Every structure is written in C-alpha cells, then in structure tokens.
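Structure first, then comments.
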Amino acid sequence: MRLGAAVQRQSPMPLHHQIKVAVLHGIEEGWLEPGRQLPRERELAEFLGVSLAPVRQAMADLNKEGYLDRSRGRGTFVRARKVVEKIAILGSFHEALRRQGIEPSMGVLADEIGEAPKRVATALGLRGGKVWKLHRQALIDGQPVALLTAWLPARYASSLRVGRNFAKESLYAGLAEVHGVVMSQADNLIEVDRAGLDEATEMRMPPGTPLLKVIGITRDQNDRKVEYSEVLYDADRFRFSIESRRMANGVTFLADISL
C-alpha cells in the first residue's frame with residue numbers, strides 16, 4: 001500500500017495529520033479512487049506502526065471534511081470527488097461540469113406555462129402575466145446531484161419549446177439563437193436549505209437532508225431581467241470556493257462550486 005511511507009516519526013507534524021495528508025494525496029493522485037474501501041482502522045494502525053488514536057482522528061477528520069464515507073458494519077470508503085463550477089460565470093450547468101471533465105446527464109421534470117410565484121414575479125418585476133417554468137434534474141453516473149429550476153417571462157417559451165430537448169440542449173444557447181438574448185450578468189444568493197418531500201423524492205434522499213441552494217437573477221445584454229433561477233445541490237457532492245480580485249472600483253468576487 002502506498003500509505004506505507006505516510007508516517008515520519010522525526011517530523012514535527014502530528015501523526016494524525018501525516019496520515020490525513022497521505023490519504024488526501026492518494027485521492028488527488030487517483031490511486032485512492034472513489035468507491036475504494038480503506039483498510040479497517042486497526043489494520044491501518046498496525047500497518048503504519050502507530051497507535052489506533054491518530055488513525056481514528058485522521059479518518060474522522062477526512063469524513064467530516066467530505067473525503068470519506070464511514071458506515072458502521074461496512075467500513076470506510078473514498079467518497080466521489082467534488083466538482084468545481086464557477087457560479088458567477090454565465091453558462092450552462094453542462095458546460096460548467098464539462099470544463100472539469102465530467103459529463104452529466106439531464107432530465108426534464110417540468111416544462112410548463114403558469115402563474116408566476118410571488119417571489120419570481122417580484123424578482124423579475126412582472127405585473128401579472130404568465131411565466132415559463134423549466135425544472136430539470138442533473139445526474140452524474142445515474143445519481144441525482146442537483147435540481148435546476150428556471151422561470152422566464154412566457155413570451156420566450158413559444159418559439160423556444162418547439163423542437164428542442166432541454167435535457168440535452170442549453171437554455172442560454174437557445175435564447176441567444178432564437179431571441180438574440182445574451183445572458184450577461186447574474187446576481188446570486190447562496191444559502192443552506194433542506195430537502196422537502198418533493199425535492200427528497202427527486203434527489204433520492206431522506207426528507208430534511210441539507211442542500212446547497214443558489215438563487216439567481218440573470219440579466220441580458222440590455223440589463224433586462226430575463227431569468228429567475230433556483231438550483232439545489234447535493235451538499236455531500238458540492239462545495240463553494242470564492243476568489244476575490246481588487247479592481248479600481250472595488251473588489252470583485254468570483255464564486256466556485258465544486259463537486
């Protein structure tokens with residue numbers, strides 16, 4: 001096992017941290033691939049020539065930080081890696097994951113015209129009228145990882161919905177092609193939510209499971225509000241990182257989400 005050189009007793013670094021770093025290195029290099037079972041803690045301690053305590057601490061830290069899954073009676077497994085997506089960069093969910101070498105599949109759960117929920121009407125500045133709701137499910141290796149819901153003024157729907165499959169095609173590309181609408185700016189709010197009954201069913205998880213929620217209002221090249229969106233991410237599969245840049249007129253933040 002490549003973890004054999006993990007422990008250097010002369011190092012000032014605590015033993016549990018050395019073990020943790022070695023496991024992380026294995027995950028990053030790919031020889032500890034997702035789904036692989038690690039040796040049991042006592043076996044690993046004997047292999048490394050250390051007591052059980054630092055091994056337990058390392059495994060607990062890695063589990064807490066989302067790198068491992070520990071299951072009583074089954075053992076400890078490497079968790080599927082997290083994927084990074086630029087939230088503040090306008091583009092499709094497909095494109096964001098493909099940039100990281102991940103090919104998601106999409107399913108359309110709802111494609112309908114109806115009354116605008118109050119929050120949607122307020123966000124888009126609508127006074128009556130209908131909205132087009134497009135509700136999709138994103139899957140990786142057959143497992144749901146996100147729910148994407150977009151609301152747009154109904155006038156965009158008639159020419160876009162005909163002959164298009166939004167399980168495979170980009171909504172933004174369609175808007176640009178048919179309506180000349182280029183999505184140019186997005187304001188996003190990130191918060192923690194919990195799966196209700198509908199979300200739990202669609203995500204195949206117990207009700208109340210924590211989810212990462214991104215609420216967005218997207219404007220076109222003419223600064224018109226075109227889309228209100230809500231994306232729910234599996235909190236066990238995604239994480240956010242934020243990059244900030246100091247500009248002449250202030251600080252610009254670019255947010256990432258990773259799977």
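For the structure tokens, the naming scheme is as follows: chains receive sequential letters (A, B, ...) according to their order of presentation, residues are indexed from 1 within each chain, and ligands are indexed from 1 in presentation order.
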
Near region 172-187 of chain A, within 6 Å and counting only C-alpha atoms, which residues show up once chain neighbours fewer than 6 positions away are dropped, as a PyMOL selection string? chain A and resi 216-221

As a PyMOL selection string, please: the residues near Tyr67 (chain A) (cut-off 10 Å, only C-alpha atoms, same-chain neighbours under 3 positions excluded). chain A and resi 23-24+27+34+59+61-64+77-82+236-237

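Among the candidates A:Ala58, A:Leu38, A:Ser51, A:Gly125, the one nearest to Gln18 (chain A) when counting only C-alpha atoms is A:Ala58.
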
Report the residues of region 4-190 of chain A whose backbone DSSP state falls under strand (DSSP E or B), written as a ChimeraX atom specification. /A:37,68-71,75-78,85-86,105-115,130-140,143-153,183-190

Next, dump the selected residues to file, keeping only N, CA and C atoms, as a compact mmCIF listing (two decimals), in the first residue's frame.
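And here is the file that came out, part10.txt:
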```
# COMPACT_ATOMS: atom_id res chain seq x y z
N GLN A 37 -12.50 0.94 -0.81
CA GLN A 37 -12.57 0.74 0.64
C GLN A 37 -11.17 0.81 1.24
N LEU A 68 -14.27 11.08 2.85
CA LEU A 68 -14.54 9.67 3.10
C LEU A 68 -15.98 9.48 3.57
N ASP A 69 -16.48 8.27 3.33
CA ASP A 69 -17.77 7.84 3.88
C ASP A 69 -17.50 6.70 4.85
N ARG A 70 -17.97 6.84 6.09
CA ARG A 70 -17.80 5.78 7.09
C ARG A 70 -19.16 5.19 7.41
N SER A 71 -19.26 3.89 7.33
CA SER A 71 -20.52 3.21 7.58
C SER A 71 -20.28 2.07 8.56
N GLY A 75 -17.52 -0.31 6.71
CA GLY A 75 -16.15 0.17 6.61
C GLY A 75 -16.08 1.61 6.14
N THR A 76 -14.89 2.01 5.68
CA THR A 76 -14.62 3.38 5.24
C THR A 76 -14.29 3.37 3.76
N PHE A 77 -14.95 4.27 3.01
CA PHE A 77 -14.80 4.30 1.56
C PHE A 77 -14.45 5.72 1.10
N VAL A 78 -13.71 5.81 0.01
CA VAL A 78 -13.40 7.10 -0.60
C VAL A 78 -14.66 7.64 -1.24
N GLU A 85 -17.50 24.47 -10.03
CA GLU A 85 -18.21 25.20 -11.08
C GLU A 85 -18.19 26.69 -10.74
N LYS A 86 -17.85 27.52 -11.71
CA LYS A 86 -17.88 28.97 -11.50
C LYS A 86 -19.33 29.43 -11.46
N SER A 105 -25.77 13.99 -17.04
CA SER A 105 -26.97 13.79 -17.85
C SER A 105 -28.09 14.60 -17.21
N MET A 106 -29.07 15.00 -18.03
CA MET A 106 -30.14 15.86 -17.55
C MET A 106 -31.49 15.22 -17.85
N GLY A 107 -32.43 15.47 -16.98
CA GLY A 107 -33.80 15.05 -17.21
C GLY A 107 -34.74 16.22 -16.98
N VAL A 108 -35.71 16.40 -17.86
CA VAL A 108 -36.69 17.47 -17.70
C VAL A 108 -37.85 16.95 -16.86
N LEU A 109 -38.06 17.55 -15.69
CA LEU A 109 -39.13 17.13 -14.79
C LEU A 109 -40.40 17.96 -14.99
N ALA A 110 -40.25 19.20 -15.46
CA ALA A 110 -41.42 20.05 -15.73
C ALA A 110 -41.04 21.08 -16.78
N ASP A 111 -41.96 21.33 -17.72
CA ASP A 111 -41.79 22.33 -18.76
C ASP A 111 -43.19 22.89 -19.01
N GLU A 112 -43.51 24.02 -18.35
CA GLU A 112 -44.91 24.46 -18.33
C GLU A 112 -45.04 25.97 -18.24
N ILE A 113 -46.20 26.45 -18.67
CA ILE A 113 -46.57 27.86 -18.56
C ILE A 113 -47.59 27.99 -17.44
N GLY A 114 -47.40 28.96 -16.54
CA GLY A 114 -48.34 29.13 -15.45
C GLY A 114 -48.18 30.47 -14.77
N GLU A 115 -48.90 30.62 -13.68
CA GLU A 115 -48.81 31.85 -12.89
C GLU A 115 -47.45 31.95 -12.23
N LYS A 130 -48.00 35.46 -17.41
CA LYS A 130 -47.56 34.10 -17.16
C LYS A 130 -46.04 34.01 -17.20
N VAL A 131 -45.55 32.91 -16.63
CA VAL A 131 -44.12 32.63 -16.71
C VAL A 131 -43.92 31.20 -17.24
N TRP A 132 -42.77 31.02 -17.83
CA TRP A 132 -42.36 29.70 -18.31
C TRP A 132 -41.46 29.09 -17.24
N LYS A 133 -41.82 27.91 -16.78
CA LYS A 133 -41.03 27.20 -15.77
C LYS A 133 -40.38 25.98 -16.40
N LEU A 134 -39.06 25.90 -16.27
CA LEU A 134 -38.30 24.74 -16.75
C LEU A 134 -37.58 24.14 -15.54
N HIS A 135 -37.97 22.93 -15.18
CA HIS A 135 -37.45 22.26 -13.99
C HIS A 135 -36.71 21.00 -14.43
N ARG A 136 -35.41 20.94 -14.13
CA ARG A 136 -34.59 19.83 -14.59
C ARG A 136 -33.81 19.18 -13.45
N GLN A 137 -33.44 17.95 -13.69
CA GLN A 137 -32.67 17.16 -12.74
C GLN A 137 -31.33 16.82 -13.38
N ALA A 138 -30.25 17.06 -12.66
CA ALA A 138 -28.91 16.72 -13.16
C ALA A 138 -28.41 15.47 -12.46
N LEU A 139 -27.85 14.56 -13.24
CA LEU A 139 -27.35 13.30 -12.70
C LEU A 139 -25.91 13.07 -13.13
N ILE A 140 -25.15 12.44 -12.25
CA ILE A 140 -23.79 12.00 -12.56
C ILE A 140 -23.72 10.52 -12.21
N GLN A 143 -26.86 9.09 -10.64
CA GLN A 143 -27.29 9.56 -9.32
C GLN A 143 -27.63 11.04 -9.38
N PRO A 144 -28.83 11.46 -8.95
CA PRO A 144 -29.16 12.90 -8.94
C PRO A 144 -28.21 13.69 -8.05
N VAL A 145 -27.71 14.80 -8.57
CA VAL A 145 -26.80 15.64 -7.80
C VAL A 145 -27.30 17.07 -7.69
N ALA A 146 -28.28 17.46 -8.52
CA ALA A 146 -28.77 18.84 -8.48
C ALA A 146 -30.14 18.93 -9.14
N LEU A 147 -30.91 19.91 -8.69
CA LEU A 147 -32.19 20.25 -9.30
C LEU A 147 -32.10 21.70 -9.77
N LEU A 148 -32.41 21.94 -11.04
CA LEU A 148 -32.29 23.27 -11.63
C LEU A 148 -33.67 23.74 -12.09
N THR A 149 -34.11 24.86 -11.55
CA THR A 149 -35.41 25.41 -11.92
C THR A 149 -35.22 26.84 -12.41
N ALA A 150 -35.75 27.12 -13.60
CA ALA A 150 -35.65 28.46 -14.19
C ALA A 150 -37.05 28.96 -14.51
N TRP A 151 -37.31 30.23 -14.21
CA TRP A 151 -38.56 30.90 -14.58
C TRP A 151 -38.21 32.06 -15.50
N LEU A 152 -38.89 32.16 -16.64
CA LEU A 152 -38.70 33.25 -17.59
C LEU A 152 -40.05 33.78 -18.03
N PRO A 153 -40.12 35.05 -18.42
CA PRO A 153 -41.39 35.54 -18.98
C PRO A 153 -41.88 34.62 -20.09
N MET A 183 -27.21 36.29 -22.13
CA MET A 183 -27.18 36.40 -20.68
C MET A 183 -25.82 36.97 -20.26
N SER A 184 -25.84 38.15 -19.67
CA SER A 184 -24.59 38.89 -19.47
C SER A 184 -24.24 39.18 -18.02
N GLN A 185 -25.19 39.06 -17.11
CA GLN A 185 -24.90 39.40 -15.71
C GLN A 185 -25.82 38.60 -14.81
N ALA A 186 -25.29 38.11 -13.72
CA ALA A 186 -26.09 37.34 -12.77
C ALA A 186 -25.81 37.79 -11.35
N ASP A 187 -26.85 37.94 -10.56
CA ASP A 187 -26.75 38.19 -9.12
C ASP A 187 -27.18 36.91 -8.42
N ASN A 188 -26.32 36.39 -7.55
CA ASN A 188 -26.60 35.11 -6.91
C ASN A 188 -26.59 35.22 -5.40
N LEU A 189 -27.47 34.48 -4.77
CA LEU A 189 -27.52 34.35 -3.32
C LEU A 189 -27.35 32.88 -2.98
N ILE A 190 -26.42 32.59 -2.08
CA ILE A 190 -26.14 31.20 -1.69
C ILE A 190 -26.60 30.99 -0.26
```

Please compute the CA of Lys118 (chain A)-CA of Leu160 (chain A) distance, one decimal, in Å. 24.2 Å

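Among the candidates A:Leu211, A:Gln10, A:Asn165, A:Ala123, the one nearest to Val226 (chain A) when counting only C-alpha atoms is A:Ala123.
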
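The closest residue to Pro117 (chain A), picked from A:Gly30, A:Tyr228, A:Met203, A:Pro210 and counting only C-alpha atoms, is A:Tyr228.
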
Suppose you want the space between CA of Glu191 (chain A) and CA of Val120 (chain A); what is it in Å? 17.3 Å

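The coordinates place CA of Arg72 (chain A) at 24.9 Å from CA of Asp141 (chain A).
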
Set the distance at 12 Å and use only C-alpha atoms: which residues neighbour Pro14 (chain A) once local chain neighbours fewer than 4 positions away are removed? I'd like the list as a ChimeraX atom specification. /A:6-10,18-21,50,53-55,57-58

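With only C-alpha atoms as the atoms that count, the minimum distance from Leu44 (chain A) to the choices A:Ile102, A:Arg56, A:Leu171, A:Met13 is reached by A:Arg56.
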
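The smallest atom-to-atom distance between Ala195 (chain A) and any of A:Glu43, A:Asp234, A:Glu103, A:Glu29, using only C-alpha atoms, is found for A:Asp234.
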